[in-house]
>>> print(open('final-v2.cif').read())   # mmCIF, N, CA and C atoms
data_work
loop_
_atom_site.label_atom_id
_atom_site.label_comp_id
_atom_site.auth_asym_id
_atom_site.auth_seq_id
_atom_site.Cartn_x
_atom_site.Cartn_y
_atom_site.Cartn_z
N MET Z 209 4.25 35.03 143.41
CA MET Z 209 4.49 33.60 143.41
C MET Z 209 5.68 33.30 144.33
N THR Z 210 5.51 32.32 145.21
CA THR Z 210 6.58 31.98 146.14
C THR Z 210 7.52 30.94 145.53
N HIS Z 211 8.74 31.02 145.97
CA HIS Z 211 9.78 30.08 145.53
C HIS Z 211 10.04 29.15 146.71
N ARG Z 212 9.62 27.89 146.60
CA ARG Z 212 9.69 26.93 147.71
C ARG Z 212 10.98 26.11 147.63
N VAL Z 213 11.80 26.23 148.68
CA VAL Z 213 13.06 25.50 148.76
C VAL Z 213 12.86 24.27 149.63
N GLY Z 214 13.24 23.11 149.10
CA GLY Z 214 13.13 21.86 149.83
C GLY Z 214 14.49 21.34 150.25
N TYR Z 215 14.50 20.55 151.31
CA TYR Z 215 15.74 19.98 151.83
C TYR Z 215 15.53 18.50 152.09
N ALA Z 216 16.38 17.67 151.50
CA ALA Z 216 16.28 16.21 151.64
C ALA Z 216 17.59 15.68 152.20
N PRO Z 217 17.68 15.53 153.53
CA PRO Z 217 18.92 15.04 154.13
C PRO Z 217 19.03 13.53 154.07
N GLY Z 218 20.27 13.04 154.03
CA GLY Z 218 20.50 11.60 154.07
C GLY Z 218 21.98 11.30 153.99
N VAL Z 219 22.33 10.07 154.32
CA VAL Z 219 23.72 9.65 154.17
C VAL Z 219 24.00 9.39 152.70
N TYR Z 220 23.02 8.82 152.00
CA TYR Z 220 23.14 8.49 150.58
C TYR Z 220 24.32 7.56 150.31
N ASP Z 221 24.52 6.60 151.23
CA ASP Z 221 25.57 5.60 151.06
C ASP Z 221 25.03 4.48 150.19
N LEU Z 222 25.87 3.89 149.37
CA LEU Z 222 25.45 2.82 148.46
C LEU Z 222 24.16 3.23 147.74
N PHE Z 223 24.23 4.33 147.03
CA PHE Z 223 23.06 4.97 146.40
C PHE Z 223 22.19 3.93 145.69
N HIS Z 224 20.89 3.96 146.00
CA HIS Z 224 19.95 2.97 145.47
C HIS Z 224 18.61 3.62 145.12
N VAL Z 225 17.67 2.83 144.64
CA VAL Z 225 16.39 3.34 144.15
C VAL Z 225 15.59 4.07 145.23
N GLY Z 226 15.74 3.66 146.48
CA GLY Z 226 15.05 4.37 147.57
C GLY Z 226 15.52 5.81 147.67
N HIS Z 227 16.83 6.02 147.53
CA HIS Z 227 17.37 7.38 147.53
C HIS Z 227 16.81 8.17 146.35
N LEU Z 228 16.82 7.54 145.18
CA LEU Z 228 16.32 8.20 143.98
C LEU Z 228 14.85 8.57 144.14
N ASN Z 229 14.06 7.66 144.70
CA ASN Z 229 12.63 7.93 144.91
C ASN Z 229 12.41 9.12 145.83
N ILE Z 230 13.17 9.20 146.91
CA ILE Z 230 13.00 10.34 147.83
C ILE Z 230 13.34 11.64 147.11
N LEU Z 231 14.43 11.66 146.36
CA LEU Z 231 14.83 12.88 145.66
C LEU Z 231 13.82 13.26 144.58
N ARG Z 232 13.31 12.27 143.86
CA ARG Z 232 12.29 12.53 142.82
C ARG Z 232 11.02 13.11 143.44
N HIS Z 233 10.54 12.46 144.49
CA HIS Z 233 9.31 12.94 145.16
C HIS Z 233 9.53 14.32 145.77
N ALA Z 234 10.69 14.52 146.37
CA ALA Z 234 10.98 15.81 146.99
C ALA Z 234 10.95 16.93 145.95
N LYS Z 235 11.59 16.69 144.82
CA LYS Z 235 11.63 17.73 143.77
C LYS Z 235 10.23 18.07 143.28
N SER Z 236 9.33 17.10 143.29
CA SER Z 236 7.95 17.36 142.84
C SER Z 236 7.19 18.25 143.82
N GLN Z 237 7.73 18.44 145.03
CA GLN Z 237 7.06 19.22 146.07
C GLN Z 237 7.70 20.59 146.31
N CYS Z 238 8.71 20.93 145.50
CA CYS Z 238 9.38 22.22 145.71
C CYS Z 238 9.93 22.73 144.38
N ASP Z 239 10.35 23.99 144.41
CA ASP Z 239 10.92 24.61 143.21
C ASP Z 239 12.43 24.39 143.10
N TYR Z 240 13.07 24.29 144.26
CA TYR Z 240 14.52 24.18 144.32
C TYR Z 240 14.85 23.16 145.40
N LEU Z 241 15.57 22.10 145.04
CA LEU Z 241 15.85 21.03 145.99
C LEU Z 241 17.32 21.00 146.37
N VAL Z 242 17.55 21.08 147.67
CA VAL Z 242 18.89 20.92 148.23
C VAL Z 242 18.94 19.55 148.90
N ALA Z 243 19.91 18.75 148.52
CA ALA Z 243 20.13 17.45 149.17
C ALA Z 243 21.21 17.64 150.21
N GLY Z 244 20.90 17.29 151.44
CA GLY Z 244 21.87 17.36 152.53
C GLY Z 244 22.58 16.03 152.64
N VAL Z 245 23.86 16.00 152.33
CA VAL Z 245 24.65 14.77 152.39
C VAL Z 245 25.40 14.77 153.72
N VAL Z 246 25.06 13.80 154.57
CA VAL Z 246 25.61 13.72 155.91
C VAL Z 246 27.10 13.36 155.85
N SER Z 247 27.91 14.09 156.61
CA SER Z 247 29.36 13.83 156.64
C SER Z 247 29.64 12.44 157.19
N ASP Z 248 30.84 11.94 156.93
CA ASP Z 248 31.25 10.63 157.44
C ASP Z 248 31.16 10.60 158.97
N GLU Z 249 31.59 11.67 159.61
CA GLU Z 249 31.57 11.75 161.08
C GLU Z 249 30.14 11.72 161.62
N MET Z 250 29.26 12.46 160.98
CA MET Z 250 27.86 12.48 161.41
C MET Z 250 27.21 11.12 161.18
N ALA Z 251 27.52 10.45 160.08
CA ALA Z 251 26.97 9.12 159.81
C ALA Z 251 27.46 8.14 160.86
N MET Z 252 28.72 8.24 161.23
CA MET Z 252 29.29 7.38 162.25
C MET Z 252 28.57 7.59 163.58
N GLN Z 253 28.31 8.84 163.91
CA GLN Z 253 27.63 9.18 165.16
C GLN Z 253 26.19 8.65 165.15
N ALA Z 254 25.50 8.79 164.03
CA ALA Z 254 24.09 8.40 163.94
C ALA Z 254 23.89 6.90 163.79
N LYS Z 255 24.76 6.25 163.02
CA LYS Z 255 24.54 4.84 162.68
C LYS Z 255 25.55 3.87 163.30
N GLY Z 256 26.59 4.43 163.92
CA GLY Z 256 27.57 3.57 164.57
C GLY Z 256 28.60 2.96 163.64
N GLN Z 257 28.56 3.34 162.38
CA GLN Z 257 29.57 2.86 161.43
C GLN Z 257 29.75 3.88 160.32
N ALA Z 258 30.95 3.91 159.78
CA ALA Z 258 31.25 4.85 158.70
C ALA Z 258 30.60 4.38 157.40
N PRO Z 259 30.24 5.31 156.53
CA PRO Z 259 29.71 4.91 155.22
C PRO Z 259 30.74 4.12 154.42
N VAL Z 260 30.26 3.29 153.52
CA VAL Z 260 31.13 2.53 152.62
C VAL Z 260 31.75 3.49 151.60
N ILE Z 261 30.93 4.37 151.07
CA ILE Z 261 31.36 5.33 150.04
C ILE Z 261 31.79 6.63 150.74
N PRO Z 262 32.99 7.14 150.47
CA PRO Z 262 33.45 8.38 151.11
C PRO Z 262 32.57 9.59 150.75
N LEU Z 263 32.58 10.57 151.62
CA LEU Z 263 31.75 11.77 151.46
C LEU Z 263 31.92 12.43 150.10
N THR Z 264 33.14 12.63 149.64
CA THR Z 264 33.34 13.33 148.36
C THR Z 264 32.64 12.61 147.21
N GLU Z 265 32.66 11.28 147.25
CA GLU Z 265 32.00 10.51 146.19
C GLU Z 265 30.48 10.54 146.34
N ARG Z 266 29.97 10.42 147.58
CA ARG Z 266 28.53 10.49 147.80
C ARG Z 266 27.99 11.85 147.37
N LEU Z 267 28.75 12.90 147.67
CA LEU Z 267 28.36 14.25 147.29
C LEU Z 267 28.29 14.39 145.77
N GLU Z 268 29.27 13.86 145.08
CA GLU Z 268 29.29 13.93 143.61
C GLU Z 268 28.13 13.15 143.00
N ILE Z 269 27.84 11.97 143.55
CA ILE Z 269 26.72 11.17 143.05
C ILE Z 269 25.41 11.93 143.21
N VAL Z 270 25.17 12.44 144.40
CA VAL Z 270 23.91 13.15 144.68
C VAL Z 270 23.81 14.42 143.84
N ARG Z 271 24.90 15.16 143.71
CA ARG Z 271 24.89 16.38 142.89
C ARG Z 271 24.53 16.08 141.44
N SER Z 272 24.84 14.87 140.98
CA SER Z 272 24.62 14.50 139.58
C SER Z 272 23.20 14.03 139.29
N VAL Z 273 22.41 13.83 140.31
CA VAL Z 273 21.02 13.42 140.11
C VAL Z 273 20.23 14.61 139.58
N ARG Z 274 19.49 14.41 138.51
CA ARG Z 274 18.83 15.53 137.84
C ARG Z 274 17.78 16.25 138.69
N PHE Z 275 17.26 15.61 139.73
CA PHE Z 275 16.25 16.24 140.58
C PHE Z 275 16.87 17.18 141.60
N VAL Z 276 18.17 17.11 141.79
CA VAL Z 276 18.87 17.89 142.81
C VAL Z 276 19.43 19.17 142.20
N ASP Z 277 19.07 20.30 142.83
CA ASP Z 277 19.59 21.60 142.36
C ASP Z 277 20.90 21.97 143.05
N ALA Z 278 21.07 21.52 144.28
CA ALA Z 278 22.30 21.79 145.02
C ALA Z 278 22.48 20.71 146.07
N ALA Z 279 23.73 20.48 146.46
CA ALA Z 279 24.03 19.53 147.53
C ALA Z 279 24.81 20.27 148.61
N PHE Z 280 24.53 19.91 149.84
CA PHE Z 280 25.09 20.58 151.01
C PHE Z 280 25.64 19.51 151.94
N VAL Z 281 26.85 19.71 152.45
CA VAL Z 281 27.42 18.75 153.40
C VAL Z 281 26.90 19.08 154.79
N GLU Z 282 26.20 18.12 155.37
CA GLU Z 282 25.61 18.30 156.69
C GLU Z 282 26.62 17.84 157.74
N THR Z 283 27.03 18.77 158.62
CA THR Z 283 28.09 18.47 159.58
C THR Z 283 27.66 18.61 161.04
N VAL Z 284 26.41 18.98 161.28
CA VAL Z 284 25.92 19.13 162.65
C VAL Z 284 24.64 18.30 162.82
N PRO Z 285 24.42 17.75 164.02
CA PRO Z 285 23.24 16.92 164.23
C PRO Z 285 21.94 17.72 164.33
N ASP Z 286 22.03 18.98 164.66
CA ASP Z 286 20.84 19.82 164.86
C ASP Z 286 20.33 20.34 163.52
N LYS Z 287 19.15 19.83 163.10
CA LYS Z 287 18.58 20.23 161.80
C LYS Z 287 18.22 21.72 161.78
N LEU Z 288 17.89 22.31 162.93
CA LEU Z 288 17.61 23.75 162.96
C LEU Z 288 18.86 24.56 162.66
N GLU Z 289 20.00 24.06 163.11
CA GLU Z 289 21.27 24.73 162.79
C GLU Z 289 21.55 24.64 161.29
N THR Z 290 21.24 23.49 160.72
CA THR Z 290 21.38 23.33 159.27
C THR Z 290 20.44 24.28 158.56
N TRP Z 291 19.20 24.40 159.06
CA TRP Z 291 18.21 25.31 158.46
C TRP Z 291 18.73 26.75 158.46
N GLN Z 292 19.43 27.15 159.52
CA GLN Z 292 19.97 28.51 159.58
C GLN Z 292 20.97 28.76 158.46
N GLN Z 293 21.64 27.71 158.02
CA GLN Z 293 22.63 27.84 156.94
C GLN Z 293 21.98 27.75 155.55
N VAL Z 294 21.00 26.85 155.41
CA VAL Z 294 20.43 26.57 154.09
C VAL Z 294 19.14 27.36 153.81
N ARG Z 295 18.33 27.60 154.85
CA ARG Z 295 17.06 28.35 154.75
C ARG Z 295 16.07 27.71 153.79
N PHE Z 296 15.66 26.50 154.11
CA PHE Z 296 14.66 25.79 153.32
C PHE Z 296 13.26 26.00 153.90
N ASP Z 297 12.25 25.75 153.09
CA ASP Z 297 10.85 25.92 153.49
C ASP Z 297 10.19 24.61 153.88
N VAL Z 298 10.76 23.51 153.41
CA VAL Z 298 10.20 22.19 153.67
C VAL Z 298 11.34 21.18 153.76
N ILE Z 299 11.20 20.23 154.70
CA ILE Z 299 12.19 19.17 154.84
C ILE Z 299 11.50 17.85 154.55
N PHE Z 300 12.20 16.97 153.86
CA PHE Z 300 11.64 15.68 153.46
C PHE Z 300 12.36 14.56 154.20
N LYS Z 301 11.57 13.62 154.73
CA LYS Z 301 12.13 12.46 155.43
C LYS Z 301 11.36 11.22 155.00
N GLY Z 302 11.99 10.06 155.18
CA GLY Z 302 11.30 8.80 154.96
C GLY Z 302 10.25 8.59 156.03
N ASP Z 303 9.15 7.91 155.69
CA ASP Z 303 8.07 7.76 156.66
C ASP Z 303 8.41 6.80 157.80
N ASP Z 304 9.61 6.23 157.78
CA ASP Z 304 10.06 5.46 158.95
C ASP Z 304 10.32 6.39 160.14
N TRP Z 305 10.36 7.70 159.91
CA TRP Z 305 10.52 8.69 160.98
C TRP Z 305 9.17 9.09 161.58
N ARG Z 306 8.09 8.96 160.82
CA ARG Z 306 6.76 9.42 161.26
C ARG Z 306 6.35 8.70 162.55
N GLY Z 307 5.92 9.49 163.54
CA GLY Z 307 5.44 8.92 164.79
C GLY Z 307 6.52 8.45 165.74
N THR Z 308 7.79 8.67 165.38
CA THR Z 308 8.89 8.30 166.27
C THR Z 308 9.27 9.53 167.11
N SER Z 309 10.05 9.32 168.14
CA SER Z 309 10.49 10.47 168.95
C SER Z 309 11.34 11.42 168.12
N LYS Z 310 12.17 10.87 167.20
CA LYS Z 310 12.98 11.74 166.32
C LYS Z 310 12.09 12.56 165.40
N GLY Z 311 11.08 11.90 164.82
CA GLY Z 311 10.17 12.59 163.91
C GLY Z 311 9.33 13.64 164.62
N ASP Z 312 8.85 13.31 165.81
CA ASP Z 312 8.06 14.26 166.60
C ASP Z 312 8.88 15.50 166.96
N LYS Z 313 10.14 15.27 167.34
CA LYS Z 313 11.03 16.40 167.67
C LYS Z 313 11.28 17.25 166.43
N LEU Z 314 11.52 16.60 165.31
CA LEU Z 314 11.74 17.31 164.05
C LEU Z 314 10.54 18.21 163.74
N GLU Z 315 9.34 17.67 163.85
CA GLU Z 315 8.12 18.45 163.58
C GLU Z 315 7.97 19.61 164.55
N ARG Z 316 8.21 19.38 165.84
CA ARG Z 316 8.10 20.47 166.83
C ARG Z 316 9.12 21.56 166.56
N ASP Z 317 10.37 21.16 166.32
CA ASP Z 317 11.43 22.14 166.08
C ASP Z 317 11.13 22.99 164.85
N PHE Z 318 10.72 22.35 163.77
CA PHE Z 318 10.50 23.10 162.54
C PHE Z 318 9.21 23.91 162.54
N ALA Z 319 8.25 23.53 163.37
CA ALA Z 319 7.03 24.33 163.50
C ALA Z 319 7.37 25.72 164.03
N THR Z 320 8.44 25.82 164.83
CA THR Z 320 8.82 27.12 165.41
C THR Z 320 9.35 28.10 164.37
N VAL Z 321 9.80 27.59 163.21
CA VAL Z 321 10.33 28.47 162.17
C VAL Z 321 9.52 28.39 160.87
N GLY Z 322 8.36 27.73 160.93
CA GLY Z 322 7.46 27.69 159.78
C GLY Z 322 7.88 26.75 158.66
N VAL Z 323 8.69 25.74 158.99
CA VAL Z 323 9.12 24.77 157.98
C VAL Z 323 8.20 23.55 158.04
N ASP Z 324 7.70 23.13 156.89
CA ASP Z 324 6.87 21.94 156.81
C ASP Z 324 7.74 20.69 156.80
N VAL Z 325 7.24 19.61 157.41
CA VAL Z 325 7.90 18.31 157.37
C VAL Z 325 7.00 17.40 156.53
N ILE Z 326 7.56 16.87 155.46
CA ILE Z 326 6.81 15.97 154.58
C ILE Z 326 7.51 14.62 154.58
N TYR Z 327 6.72 13.58 154.81
CA TYR Z 327 7.24 12.21 154.82
C TYR Z 327 6.91 11.52 153.51
N PHE Z 328 7.87 10.74 153.02
CA PHE Z 328 7.68 9.93 151.83
C PHE Z 328 7.82 8.46 152.20
N PRO Z 329 7.17 7.58 151.44
CA PRO Z 329 7.26 6.15 151.75
C PRO Z 329 8.71 5.68 151.74
N TYR Z 330 9.06 4.98 152.79
CA TYR Z 330 10.38 4.38 152.93
C TYR Z 330 10.42 3.13 152.07
N THR Z 331 11.48 2.96 151.29
CA THR Z 331 11.61 1.80 150.41
C THR Z 331 12.12 0.62 151.24
N VAL Z 332 11.18 -0.17 151.76
CA VAL Z 332 11.51 -1.23 152.71
C VAL Z 332 12.42 -2.30 152.10
N HIS Z 333 12.16 -2.68 150.87
CA HIS Z 333 12.92 -3.78 150.27
C HIS Z 333 14.34 -3.40 149.85
N THR Z 334 14.66 -2.11 149.85
CA THR Z 334 16.00 -1.68 149.49
C THR Z 334 16.46 -0.62 150.48
N SER Z 335 17.57 -0.88 151.13
CA SER Z 335 18.16 0.12 152.02
C SER Z 335 19.67 -0.08 151.99
N SER Z 336 20.39 0.96 152.34
CA SER Z 336 21.85 0.86 152.39
C SER Z 336 22.27 -0.15 153.45
N THR Z 337 21.53 -0.20 154.56
CA THR Z 337 21.84 -1.15 155.63
C THR Z 337 21.70 -2.58 155.12
N LEU Z 338 20.62 -2.85 154.39
CA LEU Z 338 20.41 -4.19 153.82
C LEU Z 338 21.49 -4.51 152.79
N LEU Z 339 21.79 -3.57 151.91
CA LEU Z 339 22.84 -3.79 150.91
C LEU Z 339 24.19 -4.07 151.58
N ARG Z 340 24.46 -3.33 152.64
CA ARG Z 340 25.73 -3.52 153.35
C ARG Z 340 25.81 -4.92 153.96
N LYS Z 341 24.70 -5.40 154.53
CA LYS Z 341 24.67 -6.76 155.10
C LYS Z 341 24.92 -7.81 154.02
N VAL Z 342 24.30 -7.62 152.87
CA VAL Z 342 24.49 -8.57 151.77
C VAL Z 342 25.95 -8.55 151.32
N LEU Z 343 26.52 -7.37 151.16
CA LEU Z 343 27.93 -7.27 150.76
C LEU Z 343 28.87 -7.87 151.79
N ASP Z 344 28.57 -7.63 153.08
CA ASP Z 344 29.39 -8.23 154.15
C ASP Z 344 29.31 -9.75 154.09
N GLY Z 345 28.10 -10.26 153.85
CA GLY Z 345 27.91 -11.70 153.74
C GLY Z 345 28.69 -12.30 152.58
N LEU Z 346 28.69 -11.60 151.46
CA LEU Z 346 29.45 -12.07 150.29
C LEU Z 346 30.95 -12.04 150.58
N ALA Z 347 31.40 -11.01 151.24
CA ALA Z 347 32.83 -10.87 151.55
C ALA Z 347 33.27 -11.97 152.54
N ASN Z 348 32.40 -12.28 153.48
CA ASN Z 348 32.74 -13.29 154.49
C ASN Z 348 32.73 -14.72 153.92
N SER Z 349 31.96 -14.93 152.84
CA SER Z 349 31.88 -16.27 152.27
C SER Z 349 32.95 -16.49 151.20
N ALA Z 350 33.64 -15.42 150.83
CA ALA Z 350 34.67 -15.54 149.77
C ALA Z 350 35.98 -16.08 150.28
#
>>> encode(input="final-v2.cif", output="structure tokens")
Amino acid sequence: MTHRVGYAPGVYDLFHVGHLNILRHAKSQCDYLVAGVVSDEMAMQAKGQAPVIPLTERLEIVRSVRFVDAAFVETVPDKLETWQQVRFDVIFKGDDWRGTSKGDKLERDFATVGVDVIYFPYTVHTSSTLLRKVLDGLANSA
């Protein structure tokens, strides 16, 4: 019997139901789930702004989710480099990556090491970006 390790990377800022759904679905597809929590620096590089919630707190929140077996701080942009450290069998992403240049590259890169890429439905009505805009709007109107 094989032991399937899954990896679910994300910023996990302003933790919401979309994050929970990805982690729940990911755990149902593997025996051991590692959540990759993107560092503040990596989030800044990828999204152009720092997370609202600091890394240590995001890490603690994600570690406390019952579907997560371990949490890993992701500090490099190259997912293959992360794979060399974590050694997962499957990586989980939101389906907003499917068919994009980033998603296609992810699939090509991981095909070279036998890692499956599984996409889960992206929670369109809830995102950290949307929550941040709402919070900014509230702060600006106060």
>>> closest_atom_pairs(input="final-v2.cif", of="segment 228-252 of chain Z", to="segment 259-262 of chain Z", cutoff="6 Å", atoms="only N, CA and C atoms", output="Markdown table")
| residue | atom | partner | partner_atom | distance |
| --- | --- | --- | --- | --- |
| Z:Asp248 | CA | Z:Pro259 | N | 5.5 |
| Z:Ala251 | C | Z:Pro259 | N | 5.9 |
| Z:Met252 | N | Z:Pro259 | N | 5.7 |
>>> residues_around(input="final-v2.cif", residues="Val245 of chain Z", least_positions_apart="6", cutoff="12 Å", atoms="only C-alpha atoms", output="VMD selection string")
chain Z and resid 215 to 221 223 227 251 259 261 to 271 276 278 to 284 290
>>> closest_residue(input="final-v2.cif", among="Z:Cys238, Z:Val225, Z:Ala319, Z:Val213", to="Arg295 of chain Z", atoms="all atoms listed in the file")
Z:Val213
>>> closest_residue(input="final-v2.cif", among="Z:Ala258, Z:Gly214, Z:Thr308, Z:Leu228", to="Tyr240 of chain Z", atoms="only N, CA and C atoms")
Z:Gly214
>>> residues_around(input="final-v2.cif", residues="Val298 of chain Z", least_positions_apart="4", cutoff="6 Å", atoms="only C-alpha atoms", output="PyMOL selection string")
chain Z and resi 214+323-325
>>> atom_distance(input="final-v2.cif", atom1="atom CA of Gly226 of chain Z", atom2="atom CA of Ser272 of chain Z")
16.1 Å
>>> atom_distance(input="final-v2.cif", atom1="atom N of Asp286 of chain Z", atom2="atom N of Arg316 of chain Z")
13.9 Å
>>> select_by_dssp(input="final-v2.cif", residues="segment 210-348 of chain Z", states="helix (DSSP H, G or I)", output="VMD selection string")
chain Z and resid 225 to 236 248 to 255 263 to 271 287 to 294 309 to 319 336 to 348
>>> closest_residue(input="final-v2.cif", among="Z:Arg232, Z:Ala254, Z:Ser247, Z:Phe318", to="Leu288 of chain Z", atoms="only N, CA and C atoms")
Z:Phe318
>>> resolve_selection(input="final-v2.cif", expression="the PyMOL selection byres (((chain Z and resi 329 and name CA) around 12) and name CA)", output="number ranges by chain")
Z: 226-227, 229-231, 233-234, 300-306, 326-328, 330-334
>>> write_last_selection(input="final-v2.cif", atoms="N, CA and C atoms", output="short mmCIF file (atom, residue, chain, number, x, y, z; two decimals), in the frame of the given file")
data_model
loop_
_atom_site.label_atom_id
_atom_site.label_comp_id
_atom_site.auth_asym_id
_atom_site.auth_seq_id
_atom_site.Cartn_x
_atom_site.Cartn_y
_atom_site.Cartn_z
N GLY Z 226 15.74 3.66 146.48
CA GLY Z 226 15.05 4.37 147.57
C GLY Z 226 15.52 5.81 147.67
N HIS Z 227 16.83 6.02 147.53
CA HIS Z 227 17.37 7.38 147.53
C HIS Z 227 16.81 8.17 146.35
N ASN Z 229 14.06 7.66 144.70
CA ASN Z 229 12.63 7.93 144.91
C ASN Z 229 12.41 9.12 145.83
N ILE Z 230 13.17 9.20 146.91
CA ILE Z 230 13.00 10.34 147.83
C ILE Z 230 13.34 11.64 147.11
N LEU Z 231 14.43 11.66 146.36
CA LEU Z 231 14.83 12.88 145.66
C LEU Z 231 13.82 13.26 144.58
N HIS Z 233 10.54 12.46 144.49
CA HIS Z 233 9.31 12.94 145.16
C HIS Z 233 9.53 14.32 145.77
N ALA Z 234 10.69 14.52 146.37
CA ALA Z 234 10.98 15.81 146.99
C ALA Z 234 10.95 16.93 145.95
N PHE Z 300 12.20 16.97 153.86
CA PHE Z 300 11.64 15.68 153.46
C PHE Z 300 12.36 14.56 154.20
N LYS Z 301 11.57 13.62 154.73
CA LYS Z 301 12.13 12.46 155.43
C LYS Z 301 11.36 11.22 155.00
N GLY Z 302 11.99 10.06 155.18
CA GLY Z 302 11.30 8.80 154.96
C GLY Z 302 10.25 8.59 156.03
N ASP Z 303 9.15 7.91 155.69
CA ASP Z 303 8.07 7.76 156.66
C ASP Z 303 8.41 6.80 157.80
N ASP Z 304 9.61 6.23 157.78
CA ASP Z 304 10.06 5.46 158.95
C ASP Z 304 10.32 6.39 160.14
N TRP Z 305 10.36 7.70 159.91
CA TRP Z 305 10.52 8.69 160.98
C TRP Z 305 9.17 9.09 161.58
N ARG Z 306 8.09 8.96 160.82
CA ARG Z 306 6.76 9.42 161.26
C ARG Z 306 6.35 8.70 162.55
N ILE Z 326 7.56 16.87 155.46
CA ILE Z 326 6.81 15.97 154.58
C ILE Z 326 7.51 14.62 154.58
N TYR Z 327 6.72 13.58 154.81
CA TYR Z 327 7.24 12.21 154.82
C TYR Z 327 6.91 11.52 153.51
N PHE Z 328 7.87 10.74 153.02
CA PHE Z 328 7.68 9.93 151.83
C PHE Z 328 7.82 8.46 152.20
N TYR Z 330 9.06 4.98 152.79
CA TYR Z 330 10.38 4.38 152.93
C TYR Z 330 10.42 3.13 152.07
N THR Z 331 11.48 2.96 151.29
CA THR Z 331 11.61 1.80 150.41
C THR Z 331 12.12 0.62 151.24
N VAL Z 332 11.18 -0.17 151.76
CA VAL Z 332 11.51 -1.23 152.71
C VAL Z 332 12.42 -2.30 152.10
N HIS Z 333 12.16 -2.68 150.87
CA HIS Z 333 12.92 -3.78 150.27
C HIS Z 333 14.34 -3.40 149.85
N THR Z 334 14.66 -2.11 149.85
CA THR Z 334 16.00 -1.68 149.49
C THR Z 334 16.46 -0.62 150.48
#
>>> atom_distance(input="final-v2.cif", atom1="atom CA of Leu241 of chain Z", atom2="atom CA of Glu289 of chain Z")
18.0 Å
>>> closest_residue(input="final-v2.cif", among="Z:Glu249, Z:Gly322, Z:Phe296, Z:Asp312", to="His211 of chain Z", atoms="only C-alpha atoms")
Z:Phe296
>>> select_by_dssp(input="final-v2.cif", residues="segment 249-350 of chain Z", states="strand (DSSP E or B)", output="list in words")
Ala278, Ala279, Phe280, Val281, Glu282, Val298, Ile299, Phe300, Lys301, Gly302, Asp324, Val325, Ile326, Tyr327 and Phe328 of chain Z
>>> build_atoms(input="final-v2.cif", residues="segment 259-263 of chain Z", atoms="all heavy atoms", output="PDB file, in the coordinates of the input")
ATOM      1  N   PRO Z 259      30.240   5.310 156.530  1.00  0.00           N
ATOM      2  CA  PRO Z 259      29.710   4.910 155.220  1.00  0.00           C
ATOM      3  C   PRO Z 259      30.740   4.120 154.420  1.00  0.00           C
ATOM      4  O   PRO Z 259      31.940   4.279 154.613  1.00  0.00           O
ATOM      5  CB  PRO Z 259      29.420   6.253 154.539  1.00  0.00           C
ATOM      6  CG  PRO Z 259      29.329   7.241 155.642  1.00  0.00           C
ATOM      7  CD  PRO Z 259      30.266   6.753 156.711  1.00  0.00           C
ATOM      8  N   VAL Z 260      30.260   3.290 153.520  1.00  0.00           N
ATOM      9  CA  VAL Z 260      31.130   2.530 152.620  1.00  0.00           C
ATOM     10  C   VAL Z 260      31.750   3.490 151.600  1.00  0.00           C
ATOM     11  O   VAL Z 260      32.939   3.440 151.317  1.00  0.00           O
ATOM     12  CB  VAL Z 260      30.342   1.414 151.894  1.00  0.00           C
ATOM     13  CG1 VAL Z 260      31.197   0.725 150.837  1.00  0.00           C
ATOM     14  CG2 VAL Z 260      29.803   0.400 152.901  1.00  0.00           C
ATOM     15  N   ILE Z 261      30.930   4.370 151.070  1.00  0.00           N
ATOM     16  CA  ILE Z 261      31.360   5.330 150.040  1.00  0.00           C
ATOM     17  C   ILE Z 261      31.790   6.630 150.740  1.00  0.00           C
ATOM     18  O   ILE Z 261      31.024   7.187 151.538  1.00  0.00           O
ATOM     19  CB  ILE Z 261      30.205   5.632 149.053  1.00  0.00           C
ATOM     20  CG1 ILE Z 261      29.594   4.345 148.489  1.00  0.00           C
ATOM     21  CG2 ILE Z 261      30.656   6.575 147.950  1.00  0.00           C
ATOM     22  CD1 ILE Z 261      30.536   3.464 147.712  1.00  0.00           C
ATOM     23  N   PRO Z 262      32.990   7.140 150.470  1.00  0.00           N
ATOM     24  CA  PRO Z 262      33.450   8.380 151.110  1.00  0.00           C
ATOM     25  C   PRO Z 262      32.570   9.590 150.750  1.00  0.00           C
ATOM     26  O   PRO Z 262      31.935   9.621 149.690  1.00  0.00           O
ATOM     27  CB  PRO Z 262      34.860   8.579 150.570  1.00  0.00           C
ATOM     28  CG  PRO Z 262      35.221   7.352 149.826  1.00  0.00           C
ATOM     29  CD  PRO Z 262      33.967   6.596 149.541  1.00  0.00           C
ATOM     30  N   LEU Z 263      32.580  10.570 151.620  1.00  0.00           N
ATOM     31  CA  LEU Z 263      31.750  11.770 151.460  1.00  0.00           C
ATOM     32  C   LEU Z 263      31.920  12.430 150.100  1.00  0.00           C
ATOM     33  O   LEU Z 263      30.927  12.769 149.455  1.00  0.00           O
ATOM     34  CB  LEU Z 263      32.049  12.771 152.577  1.00  0.00           C
ATOM     35  CG  LEU Z 263      31.347  14.128 152.450  1.00  0.00           C
ATOM     36  CD1 LEU Z 263      29.830  13.965 152.521  1.00  0.00           C
ATOM     37  CD2 LEU Z 263      31.840  15.088 153.518  1.00  0.00           C
TER      38      LEU Z 263
END
